[in-house]
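Novice: Take this structure, written in structure tokens, and hold onto it; I'll ask about it next.
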Amino acid sequence: MITGGARSGKSSYAEQLALSLSSNPVYLATARIWDDEFRQRVKIHQERRGPEWTNIEEEKELSKHLISGRVVLIDCITMWCNNFFFDLHDDVDATLDAMKLEFGKFTYQDAIFIFVTNEIGLGGTSPNDIQRRFTDLQGWFNQYVASQADEVILMVSGIPMKIK
């Protein structure tokens with residue numbers, strides 16, 4: 001698991017790691033495009049990847065993709081959480097249950113997984129109720145994934161720091 005703040009170098013580091021482990025890794029993108037600015041961010045990520053990548057776009061059901069024997073970069077848990085959270089009408093408990101179930105079905109496959117996520121709880125407490133609930137959800141799910149991960153890397157200003 002690779003975590004950190006916005007623009008900390010998480011995705012670039014994860015991509016380099018995946019390519020060091022495989023000549024043909026899988027890039028599993030979980031983003032849901034909601035506006036033009038975000039579409040541009042996704043385009044920049046896509047343009048960084050060359051033909052050596054197997055690209056899959058999947059908003060929620062990661063387990064429907066058979067990736068046994070592959071190195072798989074999932075970018076990112078935060079977008080994945082967002083998709084479940086809004087589809088389940090901001091219900092944190094239902095979202096956690098659904099995500100844990102899907103995480104188990106997906107990671108049951110024999111593969112090397114590299115999960116990218118955000119540490120969104122490092123900032124101040126939002127005055128917005130939905131934002132606070134999402135921050136809680138993200139923190140709890142990050143804890144869950146970190147507990148399952150063999151390694152956890154915290155990115156700070158482009159510098160990887162091994163946490164676990």
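In the structure tokens, chains take the letters A, B, ... in the order shown, each chain's residues start at 1, and ligands count up from 1 in the order shown.
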If we count only C-alpha atoms, what is near Asp97 (chain A) at a cut-off of 12 Å, once residues fewer than 6 positions away on the same chain are taken out, given as a JSON list (two decimals) with N, CA, C and O atoms, in the first residue's frame?

Specialist:
[["chain", "number", "residue", "atom", "x", "y", "z"],
["A", 81, "CYS", "N", -13.39, 4.24, -2.83],
["A", 81, "CYS", "CA", -14.26, 4.56, -1.67],
["A", 81, "CYS", "C", -15.34, 5.55, -2.08],
["A", 81, "CYS", "O", -16.51, 5.39, -1.71],
["A", 84, "PHE", "N", -18.28, 3.88, -4.01],
["A", 84, "PHE", "CA", -19.19, 3.13, -3.13],
["A", 84, "PHE", "C", -19.98, 4.08, -2.23],
["A", 84, "PHE", "O", -21.19, 3.92, -2.06],
["A", 85, "PHE", "N", -19.30, 5.04, -1.65],
["A", 85, "PHE", "CA", -19.91, 5.96, -0.69],
["A", 85, "PHE", "C", -21.10, 6.70, -1.30],
["A", 85, "PHE", "O", -22.19, 6.75, -0.71],
["A", 88, "LEU", "N", -23.98, 4.34, -2.30],
["A", 88, "LEU", "CA", -24.69, 3.83, -1.11],
["A", 88, "LEU", "C", -25.21, 4.99, -0.25],
["A", 88, "LEU", "O", -25.44, 4.83, 0.95],
["A", 91, "ASP", "N", -23.71, 6.22, 3.28],
["A", 91, "ASP", "CA", -23.82, 5.33, 4.44],
["A", 91, "ASP", "C", -22.44, 4.71, 4.70],
["A", 91, "ASP", "O", -22.01, 3.81, 3.97],
["A", 103, "PHE", "N", -13.01, -6.18, -1.57],
["A", 103, "PHE", "CA", -11.56, -6.28, -1.38],
["A", 103, "PHE", "C", -11.16, -7.75, -1.21],
["A", 103, "PHE", "O", -10.20, -8.22, -1.82],
["A", 104, "GLY", "N", -11.90, -8.48, -0.38],
["A", 104, "GLY", "CA", -11.60, -9.89, -0.16],
["A", 104, "GLY", "C", -11.76, -10.73, -1.41],
["A", 104, "GLY", "O", -10.93, -11.60, -1.70],
["A", 137, "LEU", "N", -14.51, 7.29, 6.81],
["A", 137, "LEU", "CA", -14.55, 6.07, 5.99],
["A", 137, "LEU", "C", -13.19, 5.79, 5.39],
["A", 137, "LEU", "O", -12.68, 4.66, 5.48],
["A", 140, "TRP", "N", -10.69, 4.59, 8.01],
["A", 140, "TRP", "CA", -10.95, 3.22, 8.47],
["A", 140, "TRP", "C", -10.61, 2.20, 7.40],
["A", 140, "TRP", "O", -10.03, 1.15, 7.69],
["A", 141, "PHE", "N", -10.93, 2.52, 6.12],
["A", 141, "PHE", "CA", -10.61, 1.55, 5.07],
["A", 141, "PHE", "C", -9.11, 1.50, 4.82],
["A", 141, "PHE", "O", -8.55, 0.43, 4.58],
["A", 144, "TYR", "N", -7.75, -0.80, 7.29],
["A", 144, "TYR", "CA", -8.06, -2.19, 6.93],
["A", 144, "TYR", "C", -7.07, -2.70, 5.89],
["A", 144, "TYR", "O", -6.48, -3.77, 6.04]]

Novice: Which residues of region 43-122 of chain A have any atom within 8 Å of an atom in region 22-25 of chain A when counting only C-alpha atoms, and what is the closest pair of atoms for each, with the distance in Å to one decimal? Order the rows by chain and rising number and write it as JSON lines.

Specialist:
{"residue": "A:Glu52", "atom": "CA", "partner": "A:Asn24", "partner_atom": "CA", "distance": 5.0}
{"residue": "A:Trp53", "atom": "CA", "partner": "A:Pro25", "partner_atom": "CA", "distance": 5.4}
{"residue": "A:Thr54", "atom": "CA", "partner": "A:Pro25", "partner_atom": "CA", "distance": 6.2}
{"residue": "A:Arg70", "atom": "CA", "partner": "A:Pro25", "partner_atom": "CA", "distance": 6.5}
{"residue": "A:Val71", "atom": "CA", "partner": "A:Pro25", "partner_atom": "CA", "distance": 5.0}
{"residue": "A:Val72", "atom": "CA", "partner": "A:Pro25", "partner_atom": "CA", "distance": 5.9}
{"residue": "A:Leu73", "atom": "CA", "partner": "A:Pro25", "partner_atom": "CA", "distance": 7.5}

Novice: So that I can check the secondary structure, give me every residue of region 56-117 of chain A assigned strand (DSSP E) by backbone DSSP, as an NGL selection string.

Specialist: :A and (56-57 or 71-75 or 112-116)

Novice: Give the helix (DSSP H, G or I) residues of chain A, as assigned by DSSP on the backbone, as number ranges by chain.

Specialist: A: 10-21, 36-48, 62-64, 77-87, 92-107, 120-122, 129-148

Novice: If we count only C-alpha atoms and set the cut-off at 9 Å, which residues sit around Val152 (chain A), ignoring sequence neighbours fewer than 4 positions away in its own chain? Please answer as a PyMOL selection string.

Specialist: chain A and resi 1-3+146+161-164

Novice: Export C-alpha atoms of the chosen residues as a short mmCIF file (atom, residue, chain, number, x, y, z; two decimals), in the first residue's frame?

Specialist:
data_model
loop_
_atom_site.label_atom_id
_atom_site.label_comp_id
_atom_site.auth_asym_id
_atom_site.auth_seq_id
_atom_site.Cartn_x
_atom_site.Cartn_y
_atom_site.Cartn_z
CA MET A 1 0.00 0.00 0.00
CA ILE A 2 1.31 3.43 -0.95
CA THR A 3 -0.25 6.37 0.85
CA ALA A 146 -2.76 -1.52 5.69
CA MET A 161 9.19 6.27 3.70
CA LYS A 162 8.65 2.64 4.69
CA ILE A 163 6.04 2.42 7.48
CA LYS A 164 5.50 -1.34 7.51
#

Novice: Excluding Cys76 (chain A) and its own-chain neighbours fewer than 5 positions away, which residues fall within 7 Å of it when counting only C-alpha atoms? Please give them as a PyMOL selection string.

Specialist: chain A and resi 29-30+115-117

Novice: For CA of Gln143 (chain A) and CA of Lys60 (chain A), quote the distance in Å rounded to one decimal.

Specialist: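 If I compute the distance from CA of Gln143 (chain A) to CA of Lys60 (chain A), I get 19.2 Å.
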
Novice: Tell me which protein, DNA and RNA residues are within 12 Å of region 122-124 of chain A, counting only C-alpha atoms, leaving out same-chain ones fewer than 5 positions away, and put them as a list in words.

Specialist: Thr3, Gly4, Gly5, Ala6, Gln131, Arg132, Thr135, Asp136, Gln138 and Gly139 of chain A

Novice: Save the residues we just selected, all heavy atoms, as a short mmCIF file (atom, residue, chain, number, x, y, z; two decimals), in the first residue's frame?

Specialist:
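After the write, selection.cif holds the following:
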data_model
loop_
_atom_site.label_atom_id
_atom_site.label_comp_id
_atom_site.auth_asym_id
_atom_site.auth_seq_id
_atom_site.Cartn_x
_atom_site.Cartn_y
_atom_site.Cartn_z
N THR A 3 0.65 5.32 0.39
CA THR A 3 -0.25 6.37 0.85
C THR A 3 0.50 7.69 0.95
O THR A 3 1.73 7.73 0.93
CB THR A 3 -0.89 5.98 2.21
OG1 THR A 3 -1.90 6.92 2.55
CG2 THR A 3 0.14 5.87 3.32
N GLY A 4 -0.26 8.76 1.06
CA GLY A 4 0.33 10.08 1.20
C GLY A 4 -0.68 11.15 0.83
O GLY A 4 -1.83 10.85 0.51
N GLY A 5 -0.26 12.38 0.85
CA GLY A 5 -1.12 13.50 0.53
C GLY A 5 -1.21 13.72 -0.97
O GLY A 5 -0.55 13.04 -1.77
N ALA A 6 -2.01 14.71 -1.34
CA ALA A 6 -2.15 15.07 -2.75
C ALA A 6 -0.80 15.53 -3.30
O ALA A 6 -0.06 16.24 -2.64
CB ALA A 6 -3.19 16.19 -2.90
N GLN A 131 -18.32 15.40 4.19
CA GLN A 131 -16.86 15.35 4.09
C GLN A 131 -16.25 14.68 5.32
O GLN A 131 -15.30 13.89 5.20
CB GLN A 131 -16.32 16.77 3.93
CG GLN A 131 -15.21 16.86 2.94
CD GLN A 131 -14.86 18.31 2.62
OE1 GLN A 131 -15.35 19.24 3.27
NE2 GLN A 131 -14.01 18.49 1.65
N ARG A 132 -16.76 14.99 6.50
CA ARG A 132 -16.25 14.36 7.73
C ARG A 132 -16.50 12.86 7.70
O ARG A 132 -15.62 12.07 8.06
CB ARG A 132 -16.89 14.97 8.97
CG ARG A 132 -16.36 16.35 9.32
CD ARG A 132 -16.81 16.80 10.71
NE ARG A 132 -18.23 16.66 10.95
CZ ARG A 132 -19.15 17.60 10.69
NH1 ARG A 132 -18.78 18.74 10.13
NH2 ARG A 132 -20.42 17.39 10.98
N THR A 135 -14.09 11.26 5.25
CA THR A 135 -12.74 11.21 5.84
C THR A 135 -12.64 10.05 6.83
O THR A 135 -11.65 9.31 6.83
CB THR A 135 -12.39 12.54 6.53
OG1 THR A 135 -12.41 13.58 5.54
CG2 THR A 135 -11.03 12.49 7.19
N ASP A 136 -13.66 9.86 7.65
CA ASP A 136 -13.69 8.72 8.58
C ASP A 136 -13.65 7.41 7.82
O ASP A 136 -12.85 6.51 8.13
CB ASP A 136 -14.94 8.77 9.46
CG ASP A 136 -14.94 9.88 10.48
OD1 ASP A 136 -13.88 10.50 10.71
OD2 ASP A 136 -16.02 10.15 11.05
N GLN A 138 -12.60 6.79 4.77
CA GLN A 138 -11.30 6.61 4.12
C GLN A 138 -10.24 6.17 5.12
O GLN A 138 -9.46 5.26 4.86
CB GLN A 138 -10.86 7.91 3.44
CG GLN A 138 -9.52 7.83 2.75
CD GLN A 138 -9.58 6.98 1.51
OE1 GLN A 138 -10.36 7.26 0.62
NE2 GLN A 138 -8.74 5.98 1.42
N GLY A 139 -10.22 6.80 6.28
CA GLY A 139 -9.26 6.42 7.31
C GLY A 139 -9.45 4.99 7.78
O GLY A 139 -8.48 4.24 7.93
#

Novice: Enter the distance from CA of Ile44 (chain A) to CA of Met79 (chain A), in Å, rounded to one decimal.

Specialist: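 Atom-to-atom, CA of Ile44 (chain A) to CA of Met79 (chain A), that is 16.3 Å.
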
Novice: Between A:Thr107, A:Thr95, A:Ser20, A:Asn142, which has the minimum distance to Asn82 (chain A) (counting only C-alpha atoms)?

Specialist: A:Thr95
